[in-house]
file target_20.csv (CSV, C-alpha atoms)
chain,number,residue,atom,x,y,z
X,557,MET,CA,-128.6,-80.4,-174.7
X,558,SER,CA,-129.4,-77.4,-172.4
X,559,ARG,CA,-127.3,-74.3,-173.4
X,560,PHE,CA,-128.5,-72.7,-170.2
X,561,ALA,CA,-126.8,-75.3,-168.1
X,562,ALA,CA,-123.4,-74.3,-169.3
X,563,SER,CA,-123.9,-70.8,-167.9
X,564,VAL,CA,-125.1,-71.9,-164.5
X,565,SER,CA,-123.1,-71.3,-161.3
X,566,VAL,CA,-123.6,-71.6,-157.6
X,567,ASP,CA,-124.7,-68.4,-155.8
X,568,PRO,CA,-121.6,-67.0,-153.9
X,569,ARG,CA,-123.7,-66.7,-150.7
X,570,ILE,CA,-123.9,-70.5,-150.6
X,571,ILE,CA,-120.2,-71.0,-151.4
X,572,GLU,CA,-119.3,-68.6,-148.6
X,573,LYS,CA,-121.0,-70.9,-146.1
X,574,LEU,CA,-120.5,-74.3,-147.8
X,575,PRO,CA,-117.4,-74.2,-150.0
X,576,LYS,CA,-117.9,-77.8,-151.3
X,577,PHE,CA,-121.5,-77.1,-152.4
X,578,ASP,CA,-120.2,-76.7,-156.0
X,579,ALA,CA,-123.3,-77.3,-158.1
X,580,PRO,CA,-126.8,-75.8,-158.0
X,581,PHE,CA,-128.7,-78.9,-157.1
X,582,PHE,CA,-128.9,-81.4,-154.2
X,583,GLN,CA,-130.6,-84.6,-153.1
X,584,ALA,CA,-133.7,-84.0,-151.0
X,585,GLY,CA,-134.6,-85.7,-147.8
X,586,LEU,CA,-136.9,-88.6,-148.7
X,587,ALA,CA,-138.8,-90.5,-146.0
X,588,GLY,CA,-137.9,-94.2,-146.2
X,589,TYR,CA,-135.2,-93.7,-148.8
X,590,SER,CA,-132.4,-91.1,-148.1
X,591,ASP,CA,-130.4,-92.9,-145.5
X,592,ALA,CA,-126.6,-92.9,-145.5
X,593,ALA,CA,-126.4,-95.7,-148.1
X,594,MET,CA,-128.5,-93.7,-150.7
X,595,ARG,CA,-126.6,-90.5,-149.9
X,596,ILE,CA,-123.2,-92.0,-150.3
X,597,VAL,CA,-124.1,-93.5,-153.7
X,598,ALA,CA,-125.4,-90.1,-154.8
X,599,ARG,CA,-122.2,-88.4,-153.6
X,600,GLU,CA,-120.2,-90.9,-155.6
X,601,HIS,CA,-122.1,-89.9,-158.7
X,602,GLY,CA,-121.7,-86.1,-158.3
X,603,CYS,CA,-124.2,-85.0,-155.8
X,604,PRO,CA,-122.7,-82.0,-153.9
X,605,PHE,CA,-125.1,-81.8,-150.9
X,606,CYS,CA,-127.6,-84.1,-149.2
X,607,VAL,CA,-130.4,-83.8,-146.7
X,608,THR,CA,-131.4,-86.5,-144.3
X,609,GLU,CA,-134.8,-87.9,-143.9
X,610,SER,CA,-137.0,-85.9,-141.5
X,611,LEU,CA,-135.7,-86.6,-138.0
X,612,LEU,CA,-138.4,-86.3,-135.3
X,613,ASP,CA,-137.4,-83.9,-132.5
X,614,ARG,CA,-138.7,-86.1,-129.8
X,615,THR,CA,-136.9,-89.2,-131.1
X,616,LEU,CA,-133.7,-87.2,-131.2
X,617,ILE,CA,-134.2,-86.0,-127.6
X,618,SER,CA,-134.9,-89.5,-126.3
X,619,GLY,CA,-131.9,-91.0,-128.2
X,620,GLY,CA,-134.1,-93.4,-130.1
X,621,LYS,CA,-133.4,-95.4,-133.2
X,622,GLY,CA,-134.2,-92.4,-135.5
X,623,ARG,CA,-131.1,-90.7,-134.0
X,624,ARG,CA,-128.9,-93.8,-134.3
X,625,ARG,CA,-129.9,-94.4,-137.9
X,626,GLU,CA,-128.4,-91.1,-139.0
X,627,ASP,CA,-125.5,-90.7,-136.6
X,628,PRO,CA,-122.2,-91.6,-138.3
X,629,GLU,CA,-120.5,-92.2,-135.0
X,630,LEU,CA,-123.0,-94.9,-134.1
X,631,LEU,CA,-122.9,-96.9,-137.3
X,632,ALA,CA,-121.9,-100.4,-136.7
X,633,GLN,CA,-119.5,-101.0,-139.7
X,634,GLU,CA,-116.3,-99.1,-139.7
X,635,HIS,CA,-116.1,-98.6,-143.4
X,636,VAL,CA,-119.6,-97.2,-143.6
X,637,GLU,CA,-118.7,-94.8,-140.7
X,638,GLU,CA,-115.6,-93.8,-142.6
X,639,ALA,CA,-117.5,-93.3,-145.8
X,640,CYS,CA,-120.0,-91.1,-144.0
X,641,ASN,CA,-117.3,-89.0,-142.3
X,642,LEU,CA,-115.2,-88.6,-145.4
X,643,HIS,CA,-117.8,-88.3,-148.1
X,644,ASP,CA,-121.2,-87.5,-146.7
X,645,HIS,CA,-120.5,-83.7,-146.3
X,646,PRO,CA,-121.8,-81.1,-146.6
X,647,ILE,CA,-125.0,-82.5,-145.2
X,648,ALA,CA,-128.2,-81.0,-143.7
X,649,GLY,CA,-129.9,-82.7,-140.7
X,650,GLN,CA,-133.6,-82.1,-141.2
X,651,VAL,CA,-135.7,-81.7,-138.1
X,652,ILE,CA,-139.5,-82.0,-137.8
X,653,GLY,CA,-141.7,-81.6,-134.8
X,654,ILE,CA,-144.4,-79.7,-132.9
X,655,THR,CA,-143.2,-77.2,-130.3
X,656,PRO,CA,-140.5,-74.5,-130.5
X,657,ASP,CA,-138.7,-75.9,-127.4
X,658,GLU,CA,-138.5,-79.5,-128.7
X,659,MET,CA,-137.6,-78.4,-132.2
X,660,ALA,CA,-134.8,-76.3,-130.7
X,661,GLN,CA,-133.6,-79.3,-128.6
X,662,GLY,CA,-133.6,-81.5,-131.7
X,663,ALA,CA,-131.7,-78.9,-133.7
X,664,ALA,CA,-129.1,-78.6,-131.0
X,665,ILE,CA,-128.6,-82.4,-131.0
X,666,LEU,CA,-128.1,-82.3,-134.8
X,667,VAL,CA,-125.4,-79.6,-134.3
X,668,GLU,CA,-123.6,-81.9,-131.8
X,669,LEU,CA,-123.8,-84.8,-134.2
X,670,GLY,CA,-121.8,-82.7,-136.8
X,671,TYR,CA,-124.3,-81.7,-139.4
X,672,ASP,CA,-123.2,-78.8,-141.5
X,673,VAL,CA,-126.7,-77.3,-142.0
X,674,ILE,CA,-129.9,-77.6,-139.9
X,675,ASP,CA,-133.0,-77.8,-142.2
X,676,VAL,CA,-136.5,-77.2,-140.7
X,677,ASN,CA,-139.3,-79.1,-142.2
X,678,LEU,CA,-142.6,-77.2,-142.4
X,679,ALA,CA,-143.7,-78.9,-145.5
X,680,CYS,CA,-144.2,-82.7,-145.0
X,681,PRO,CA,-147.7,-83.5,-146.4
X,682,PRO,CA,-148.9,-87.0,-145.1
X,683,LYS,CA,-152.1,-86.8,-143.1
X,684,ARG,CA,-150.6,-88.5,-140.0
X,685,VAL,CA,-148.0,-85.7,-139.9
X,686,ARG,CA,-150.6,-83.0,-140.2
X,687,ARG,CA,-152.9,-84.5,-137.6
X,688,ARG,CA,-150.0,-84.4,-135.2
X,689,LYS,CA,-149.4,-80.7,-136.0
X,690,ARG,CA,-146.1,-81.2,-137.7
X,691,GLY,CA,-144.6,-80.4,-141.1
X,692,GLY,CA,-147.2,-79.0,-143.5
X,693,TYR,CA,-149.6,-78.2,-140.6
X,694,PHE,CA,-147.7,-74.9,-140.0
X,695,LEU,CA,-148.9,-73.6,-143.4
X,696,CYS,CA,-152.2,-73.3,-141.5
X,697,ALA,CA,-150.6,-71.9,-138.4
X,698,PRO,CA,-147.8,-69.6,-139.6
X,699,THR,CA,-147.4,-67.7,-136.4
X,700,GLU,CA,-146.6,-71.0,-134.6
X,701,GLY,CA,-144.2,-71.9,-137.5
X,702,VAL,CA,-142.3,-68.6,-137.1
X,703,GLU,CA,-141.9,-69.3,-133.4
X,704,ILE,CA,-140.3,-72.6,-134.3
X,705,LEU,CA,-138.0,-71.0,-136.8
X,706,GLU,CA,-136.9,-68.4,-134.2
X,707,ALA,CA,-136.3,-71.1,-131.5
X,708,VAL,CA,-134.2,-73.2,-133.9
X,709,ARG,CA,-132.1,-70.2,-135.1
X,710,GLU,CA,-131.4,-69.2,-131.5
X,711,VAL,CA,-129.8,-72.5,-130.6
X,712,VAL,CA,-127.8,-73.0,-133.8
X,713,PRO,CA,-124.4,-71.4,-133.8
X,714,ASP,CA,-123.9,-68.5,-136.2
X,715,ASN,CA,-121.4,-70.4,-138.3
X,716,ILE,CA,-123.9,-73.2,-139.1
X,717,PRO,CA,-126.6,-72.2,-141.6
X,718,THR,CA,-130.3,-72.9,-141.1
X,719,THR,CA,-132.6,-73.6,-144.0
X,720,LEU,CA,-136.3,-74.1,-144.5
X,721,LYS,CA,-138.4,-76.6,-146.4
X,722,LEU,CA,-141.9,-75.3,-147.5
X,723,ARG,CA,-144.7,-76.1,-149.9
X,724,ARG,CA,-146.4,-73.3,-151.8
X,725,GLY,CA,-149.3,-73.5,-149.4
X,726,PHE,CA,-151.7,-75.8,-147.6
X,727,ASP,CA,-154.3,-75.5,-150.4
X,728,ASP,CA,-155.2,-73.2,-153.2
X,729,SER,CA,-156.8,-70.5,-151.1
X,730,GLU,CA,-155.6,-66.9,-150.9
X,731,GLU,CA,-155.2,-67.3,-147.1
X,732,SER,CA,-152.8,-70.1,-147.8
X,733,VAL,CA,-150.6,-67.9,-150.0
X,734,THR,CA,-150.6,-65.3,-147.2
X,735,ASN,CA,-149.5,-68.0,-144.7
X,736,PHE,CA,-146.7,-69.1,-147.0
X,737,TYR,CA,-145.3,-65.6,-147.1
X,738,THR,CA,-145.5,-65.2,-143.4
X,739,LEU,CA,-143.3,-68.3,-142.9
X,740,PHE,CA,-141.0,-67.5,-145.8
X,741,ASP,CA,-140.4,-63.9,-144.8
X,742,GLY,CA,-140.1,-65.0,-141.1
X,743,ALA,CA,-137.2,-67.3,-142.1
X,744,MET,CA,-135.5,-64.6,-144.2
X,745,ASP,CA,-135.8,-62.1,-141.4
X,746,LEU,CA,-134.2,-64.6,-139.1
X,747,GLU,CA,-131.3,-65.0,-141.6
X,748,TYR,CA,-132.1,-68.5,-142.8
X,749,LEU,CA,-129.7,-69.1,-145.7
X,750,TRP,CA,-132.3,-70.4,-148.1
X,751,ALA,CA,-135.7,-71.9,-148.5
X,752,THR,CA,-136.5,-74.9,-150.5
X,753,VAL,CA,-140.0,-74.5,-151.9
X,754,HIS,CA,-142.1,-77.3,-153.4
X,755,GLY,CA,-144.5,-76.3,-156.1
X,756,ARG,CA,-147.3,-78.5,-154.8
X,757,SER,CA,-149.6,-77.7,-151.9
X,758,VAL,CA,-149.8,-79.8,-148.8
X,759,GLU,CA,-153.3,-81.0,-149.9
X,760,GLN,CA,-151.9,-82.1,-153.2
X,761,ARG,CA,-149.3,-84.3,-151.5
X,762,TYR,CA,-147.6,-85.9,-154.6
X,763,ASN,CA,-150.5,-85.7,-157.0
X,764,GLY,CA,-151.0,-83.4,-159.9
X,765,PRO,CA,-148.4,-81.0,-161.4
X,766,SER,CA,-146.0,-78.9,-159.5
X,767,ARG,CA,-146.8,-75.3,-160.1
X,768,TRP,CA,-143.5,-73.8,-161.2
X,769,GLU,CA,-145.3,-70.5,-161.9
X,770,PHE,CA,-145.5,-70.1,-158.1
X,771,LEU,CA,-141.7,-70.3,-157.9
X,772,THR,CA,-141.4,-67.7,-160.7
X,773,ASN,CA,-143.7,-65.3,-158.8
X,774,LEU,CA,-141.8,-65.9,-155.6
X,775,VAL,CA,-138.5,-65.1,-157.2
X,776,LYS,CA,-139.9,-61.9,-158.6
X,777,GLU,CA,-141.6,-60.9,-155.2
X,778,ARG,CA,-138.5,-61.8,-153.1
X,779,PRO,CA,-135.5,-61.1,-155.4
X,780,ASP,CA,-132.9,-60.9,-152.6
X,781,ALA,CA,-133.8,-64.3,-151.1
X,782,LEU,CA,-132.0,-67.6,-151.9
X,783,ILE,CA,-134.6,-70.0,-153.2
X,784,PHE,CA,-134.3,-73.7,-154.2
X,785,GLY,CA,-137.2,-75.1,-156.2
X,786,SER,CA,-138.7,-78.6,-156.0
X,787,GLY,CA,-141.3,-80.7,-157.8
X,788,ASP,CA,-141.4,-82.6,-161.1
X,789,ILE,CA,-137.6,-83.0,-161.5
X,790,TRP,CA,-137.3,-86.4,-163.3
X,791,CYS,CA,-134.1,-85.9,-165.3
X,792,ALA,CA,-131.0,-83.8,-165.4
X,793,GLU,CA,-132.5,-81.5,-168.1
X,794,ASP,CA,-135.4,-80.7,-165.7
X,795,ILE,CA,-133.0,-79.2,-163.2
X,796,PHE,CA,-131.9,-76.5,-165.6
X,797,LYS,CA,-135.3,-76.1,-167.2
X,798,MET,CA,-136.7,-75.2,-163.7
X,799,MET,CA,-133.9,-72.8,-163.1
X,800,GLU,CA,-134.3,-71.1,-166.5
X,801,GLU,CA,-138.1,-70.9,-166.3
X,802,THR,CA,-138.5,-69.8,-162.7
X,803,GLY,CA,-135.2,-68.1,-161.8
X,804,VAL,CA,-134.6,-70.2,-158.7
X,805,HIS,CA,-131.0,-70.4,-157.5
X,806,GLY,CA,-130.9,-74.2,-157.5
X,807,VAL,CA,-133.0,-77.3,-157.4
X,808,SER,CA,-133.8,-80.0,-154.8
X,809,VAL,CA,-134.0,-83.4,-156.6
X,810,ALA,CA,-136.5,-85.7,-154.8
X,811,ARG,CA,-138.3,-88.7,-156.3
X,812,GLY,CA,-136.4,-88.2,-159.5
X,813,CYS,CA,-133.2,-89.5,-157.9
X,814,ILE,CA,-134.6,-92.7,-156.4
X,815,GLY,CA,-132.8,-95.5,-158.2
X,816,ASN,CA,-131.1,-92.8,-160.4
X,817,PRO,CA,-127.9,-91.5,-158.9
X,818,TRP,CA,-126.7,-90.7,-162.5
X,819,ILE,CA,-129.0,-87.7,-162.6
X,820,PHE,CA,-126.3,-85.8,-160.7
X,821,ALA,CA,-123.5,-86.9,-163.0
X,822,GLN,CA,-125.6,-86.0,-166.0
X,823,ALA,CA,-126.4,-82.6,-164.6
X,824,ARG,CA,-122.6,-81.9,-164.2
X,825,ALA,CA,-122.1,-83.1,-167.7
X,826,LEU,CA,-124.6,-80.5,-168.9
X,827,MET,CA,-122.9,-77.8,-166.9
X,828,ASP,CA,-119.6,-78.8,-168.6
X,829,GLY,CA,-121.2,-78.5,-172.1
X,830,ARG,CA,-121.2,-82.3,-172.6
X,831,ASP,CA,-124.1,-84.6,-173.6
X,832,PRO,CA,-125.4,-86.6,-170.6
X,833,LYS,CA,-124.9,-90.3,-171.0
X,834,ASP,CA,-127.2,-93.1,-169.9
X,835,PRO,CA,-125.6,-95.6,-167.6
X,836,THR,CA,-124.1,-98.7,-169.1
X,837,ILE,CA,-125.2,-102.1,-167.9
X,838,GLN,CA,-121.8,-102.4,-166.0
X,839,GLU,CA,-122.4,-98.9,-164.4
X,840,GLN,CA,-125.9,-100.0,-163.3
X,841,ARG,CA,-124.4,-103.2,-161.8
X,842,SER,CA,-121.7,-101.3,-159.9
X,843,ALA,CA,-124.2,-98.8,-158.5
X,844,LEU,CA,-126.6,-101.6,-157.4
X,845,LEU,CA,-123.8,-103.6,-155.8
X,846,ARG,CA,-122.5,-100.5,-154.0
X,847,HIS,CA,-125.9,-99.5,-152.7
X,848,PHE,CA,-126.7,-103.0,-151.5
X,849,GLU,CA,-123.3,-103.3,-149.7
X,850,LEU,CA,-123.8,-100.0,-147.9
X,851,CYS,CA,-127.4,-100.8,-147.1
X,852,THR,CA,-126.4,-104.2,-145.7
X,853,ASP,CA,-123.7,-102.7,-143.5
X,854,LEU,CA,-126.1,-100.1,-142.2
X,855,HIS,CA,-129.2,-102.2,-141.6
X,856,GLY,CA,-128.1,-105.9,-141.8
X,857,GLU,CA,-128.8,-108.3,-144.6
X,858,GLN,CA,-132.4,-109.2,-143.8
X,859,VAL,CA,-133.5,-105.6,-143.6
X,860,ALA,CA,-131.4,-104.5,-146.5
X,861,SER,CA,-132.9,-107.3,-148.8
X,862,ARG,CA,-136.3,-105.8,-148.1
X,863,LEU,CA,-135.3,-102.2,-148.3
X,864,MET,CA,-133.5,-102.6,-151.5
X,865,ARG,CA,-136.5,-104.0,-153.4
X,866,LYS,CA,-137.9,-100.5,-153.9
X,867,PHE,CA,-134.5,-99.3,-155.1
X,868,GLY,CA,-134.1,-102.2,-157.5
X,869,ILE,CA,-137.5,-101.5,-158.9
X,870,SER,CA,-136.5,-97.9,-159.6
X,871,PHE,CA,-133.1,-98.9,-161.0
X,872,SER,CA,-134.8,-101.4,-163.4
X,873,ARG,CA,-136.2,-98.7,-165.6
X,874,PHE,CA,-132.7,-98.2,-167.1
X,875,HIS,CA,-132.5,-101.8,-168.1
X,876,SER,CA,-133.3,-103.0,-171.6
X,877,LYS,CA,-135.8,-105.4,-170.0
X,878,PRO,CA,-137.3,-103.2,-167.3
X,879,GLU,CA,-140.5,-105.1,-166.6
X,880,GLU,CA,-138.7,-108.5,-166.4
X,881,VAL,CA,-136.0,-107.1,-164.1
X,882,ARG,CA,-138.6,-105.2,-162.0
X,883,LYS,CA,-140.5,-108.5,-161.3
X,884,GLU,CA,-137.3,-110.2,-160.2
X,885,PHE,CA,-136.4,-107.4,-157.8
X,886,ILE,CA,-139.9,-107.5,-156.2
X,887,SER,CA,-139.4,-111.1,-155.1
X,888,ILE,CA,-135.9,-110.8,-153.6
X,889,GLN,CA,-135.5,-112.1,-150.0
X,890,SER,CA,-131.8,-112.3,-149.5
X,891,ALA,CA,-128.3,-111.2,-150.6
X,892,VAL,CA,-127.9,-114.4,-152.5
X,893,GLU,CA,-131.1,-113.7,-154.5
X,894,TRP,CA,-130.0,-110.1,-155.0
X,895,LYS,CA,-126.6,-111.3,-156.5
X,896,CYS,CA,-128.4,-113.8,-158.6
X,897,VAL,CA,-130.5,-111.1,-160.3
X,898,LEU,CA,-127.4,-109.1,-160.9
X,899,ASP,CA,-125.5,-112.0,-162.4
X,900,THR,CA,-128.5,-112.9,-164.6
X,901,TYR,CA,-129.4,-109.4,-165.9
X,902,TYR,CA,-126.5,-107.1,-165.2
X,903,CYS,CA,-123.6,-108.8,-167.0
X,904,ASN,CA,-122.1,-107.6,-170.3
X,905,SER,CA,-122.3,-111.0,-171.9
call {"tool": "encode", "arguments": {"input": "target_20.csv", "output": "structure tokens"}}
result
Amino acid sequence: MSRFAASVSVDPRIIEKLPKFDAPFFQAGLAGYSDAAMRIVAREHGCPFCVTESLLDRTLISGGKGRRREDPELLAQEHVEEACNLHDHPIAGQVIGITPDEMAQGAAILVELGYDVIDVNLACPPKRVRRRKRGGYFLCAPTEGVEILEAVREVVPDNIPTTLKLRRGFDDSEESVTNFYTLFDGAMDLEYLWATVHGRSVEQRYNGPSRWEFLTNLVKERPDALIFGSGDIWCAEDIFKMMEETGVHGVSVARGCIGNPWIFAQARALMDGRDPKDPTIQEQRSALLRHFELCTDLHGEQVASRLMRKFGISFSRFHSKPEEVRKEFISIQSAVEWKCVLDTYYCNS
């Protein structure tokens, strides 16, 4: 059990802006995963703050389905809307795009939709994103990136924090490090509340180790900045290991929370000086049912049955027969088949 965890607290600069952000970790925005259903399940297991998937500025401006998917006021089912409005706060709307003007327009729309924080994504690594000069591209064009940061900050009211998502660089070159600091310092000069920094480069994508030593050096170089770390957080202990080793003020939990909402409850247990407990079979069943119910209400049964396969696969690693359960989740086509898997593998008998 981590002794360090029991001494951890949330930086008062965060509490001042977001009083309900009461633990030094949050659920990252994950493309194809972190919709309202995943976020609400995470909240119900102790997650204090969530970030949406990256929302494309042009889609927000045109009122397309990317906007409707995240807008609580436009959700079809009343109890999902109620759950979002009551429980899915504080929340950051994450905007991604190309030009300062469109990014600013997208950020302004997110403000209108009621997001508590506006997060600017200058980190996303997929090649299609970089080719279109979005996300991680700006680590090659930091001057353009700072112009985006300035345009967003200008349209967001003073009472709503802006934050930044970055990777440690585009690649391993010295120029890439210089570009990183141009963006990072630009955000801090513009009074962005914090930056979330991933320890992998854009070129690495999700391969190879996250370089925590970069975070350690960043904290030393910029001691007055609020910094959240990201990369290679797979269990609750990793959250506090990163904080202890690097000195970051908190941790963004990304792939490690897919199919594992208990990571947040376990992290809170460590903070309280208790041993983190693995989920019982009944707790696994309850979380799976809840997630499927919310996903169905949000997307409809047919889409939910497909979307939930990947969550079921991730959830299955906690089962005593993980490979067997994983194969069953892969073949699911409907809500009936989903319930059949739960009745077969997730009962106490």
call {"tool": "residues_near_point", "arguments": {"input": "target_20.csv", "point": "(-136.7, -87.0, -160.6)", "cutoff": "6 Å", "atoms": "only C-alpha atoms", "output": "mmCIF file with C-alpha atoms, in the coordinates of the input"}}
result
data_model
loop_
_atom_site.group_PDB
_atom_site.id
_atom_site.type_symbol
_atom_site.label_atom_id
_atom_site.label_comp_id
_atom_site.auth_asym_id
_atom_site.auth_seq_id
_atom_site.Cartn_x
_atom_site.Cartn_y
_atom_site.Cartn_z
ATOM 1 C CA ILE X 789 -137.600 -83.000 -161.500
ATOM 2 C CA TRP X 790 -137.300 -86.400 -163.300
ATOM 3 C CA CYS X 791 -134.100 -85.900 -165.300
ATOM 4 C CA ALA X 810 -136.500 -85.700 -154.800
ATOM 5 C CA ARG X 811 -138.300 -88.700 -156.300
ATOM 6 C CA GLY X 812 -136.400 -88.200 -159.500
ATOM 7 C CA CYS X 813 -133.200 -89.500 -157.900
#
call {"tool": "residues_around", "arguments": {"input": "target_20.csv", "residues": "stretch 601-613 of chain X", "least_positions_apart": "3", "cutoff": "7 Å", "atoms": "all atoms listed in the file", "output": "MDAnalysis selection string"}}
result
chainID X and resid 576:579 582:587 590:591 595 597:598 616:617 622 645:653 658:659 662 817:818 820:821
call {"tool": "atom_distance", "arguments": {"input": "target_20.csv", "atom1": "atom CA of X:Leu863", "atom2": "atom CA of X:Ser618"}}
result
25.4 Å
call {"tool": "closest_residue", "arguments": {"input": "target_20.csv", "among": "X:Gly692, X:Pro835, X:Pro765, X:Gly742", "to": "X:Leu722", "atoms": "only C-alpha atoms"}}
result
X:Gly692
call {"tool": "closest_residue", "arguments": {"input": "target_20.csv", "among": "X:Thr699, X:Ala707, X:Tyr902, X:Phe560", "to": "X:Gly803", "atoms": "all atoms listed in the file"}}
result
X:Phe560
call {"tool": "atom_distance", "arguments": {"input": "target_20.csv", "atom1": "atom CA of X:Val676", "atom2": "atom CA of X:Thr718"}}
result
7.6 Å
call {"tool": "atom_distance", "arguments": {"input": "target_20.csv", "atom1": "atom CA of X:Pro832", "atom2": "atom CA of X:Glu793"}}
result
9.1 Å
call {"tool": "residues_around", "arguments": {"input": "target_20.csv", "residues": "X:Gln840", "least_positions_apart": "4", "cutoff": "10 Å", "atoms": "all atoms listed in the file", "output": "list in words"}}
result
Gly815, Asn816, Pro817, Trp818, Asp834, Pro835, Thr836, Leu844, Leu845, Arg846, Phe871, Ser872, Phe874, His875, Leu898, Tyr902 and Cys903 of chain X
call {"tool": "closest_residue", "arguments": {"input": "target_20.csv", "among": "X:Ile674, X:Val807, X:Leu774, X:Cys851", "to": "X:Asp788", "atoms": "all atoms listed in the file"}}
result
X:Val807
call {"tool": "residues_around", "arguments": {"input": "target_20.csv", "residues": "stretch 708-717 of chain X", "least_positions_apart": "5", "cutoff": "12 Å", "atoms": "only C-alpha atoms", "output": "VMD selection string"}}
result
chain X and resid 569 to 574 613 646 to 653 655 to 668 670 to 677 701 to 703 742 to 751
call {"tool": "build_atoms", "arguments": {"input": "target_20.csv", "residues": "stretch 574-594 of chain X", "atoms": "N, CA and C atoms", "output": "tab-separated table (two decimals), in the coordinates of the input"}}
result
chain	number	residue	atom	x	y	z
X	574	LEU	N	-120.73	-72.84	-147.49
X	574	LEU	CA	-120.50	-74.30	-147.80
X	574	LEU	C	-119.64	-74.38	-149.02
X	575	PRO	N	-118.33	-74.24	-148.88
X	575	PRO	CA	-117.40	-74.20	-150.00
X	575	PRO	C	-117.51	-75.41	-150.96
X	576	LYS	N	-117.85	-76.57	-150.43
X	576	LYS	CA	-117.90	-77.80	-151.30
X	576	LYS	C	-119.23	-77.95	-151.99
X	577	PHE	N	-120.16	-77.07	-151.74
X	577	PHE	CA	-121.50	-77.10	-152.40
X	577	PHE	C	-121.23	-76.45	-153.80
X	578	ASP	N	-120.72	-77.23	-154.76
X	578	ASP	CA	-120.20	-76.70	-156.00
X	578	ASP	C	-121.06	-76.85	-157.22
X	579	ALA	N	-122.33	-77.21	-157.03
X	579	ALA	CA	-123.30	-77.30	-158.10
X	579	ALA	C	-124.65	-76.95	-157.63
X	580	PRO	N	-125.51	-76.35	-158.46
X	580	PRO	CA	-126.80	-75.80	-158.00
X	580	PRO	C	-127.91	-76.81	-157.88
X	581	PHE	N	-127.64	-77.93	-157.25
X	581	PHE	CA	-128.70	-78.90	-157.10
X	581	PHE	C	-128.25	-79.83	-155.88
X	582	PHE	N	-129.21	-80.53	-155.30
X	582	PHE	CA	-128.90	-81.40	-154.20
X	582	PHE	C	-129.95	-82.52	-154.08
X	583	GLN	N	-129.61	-83.55	-153.30
X	583	GLN	CA	-130.60	-84.60	-153.10
X	583	GLN	C	-131.41	-84.29	-151.85
X	584	ALA	N	-132.73	-84.30	-152.06
X	584	ALA	CA	-133.70	-84.00	-151.00
X	584	ALA	C	-133.72	-85.05	-149.93
X	585	GLY	N	-134.26	-84.70	-148.78
X	585	GLY	CA	-134.60	-85.70	-147.80
X	585	GLY	C	-135.82	-86.45	-148.14
X	586	LEU	N	-135.75	-87.76	-148.23
X	586	LEU	CA	-136.90	-88.60	-148.70
X	586	LEU	C	-137.19	-89.64	-147.64
X	587	ALA	N	-138.37	-89.55	-147.07
X	587	ALA	CA	-138.80	-90.50	-146.00
X	587	ALA	C	-138.71	-91.92	-146.53
X	588	GLY	N	-137.99	-92.78	-145.80
X	588	GLY	CA	-137.90	-94.20	-146.20
X	588	GLY	C	-136.86	-94.47	-147.23
X	589	TYR	N	-136.14	-93.45	-147.68
X	589	TYR	CA	-135.20	-93.70	-148.80
X	589	TYR	C	-133.78	-93.10	-148.43
X	590	SER	N	-133.70	-91.82	-148.09
X	590	SER	CA	-132.40	-91.10	-148.10
X	590	SER	C	-131.59	-91.36	-146.83
X	591	ASP	N	-131.28	-92.62	-146.57
X	591	ASP	CA	-130.40	-92.90	-145.50
X	591	ASP	C	-128.93	-92.77	-145.96
X	592	ALA	N	-127.98	-93.13	-145.10
X	592	ALA	CA	-126.60	-92.90	-145.50
X	592	ALA	C	-126.19	-93.70	-146.72
X	593	ALA	N	-126.76	-94.88	-146.93
X	593	ALA	CA	-126.40	-95.70	-148.10
X	593	ALA	C	-126.80	-94.94	-149.40
X	594	MET	N	-128.03	-94.45	-149.47
X	594	MET	CA	-128.50	-93.70	-150.70
X	594	MET	C	-127.66	-92.44	-150.86
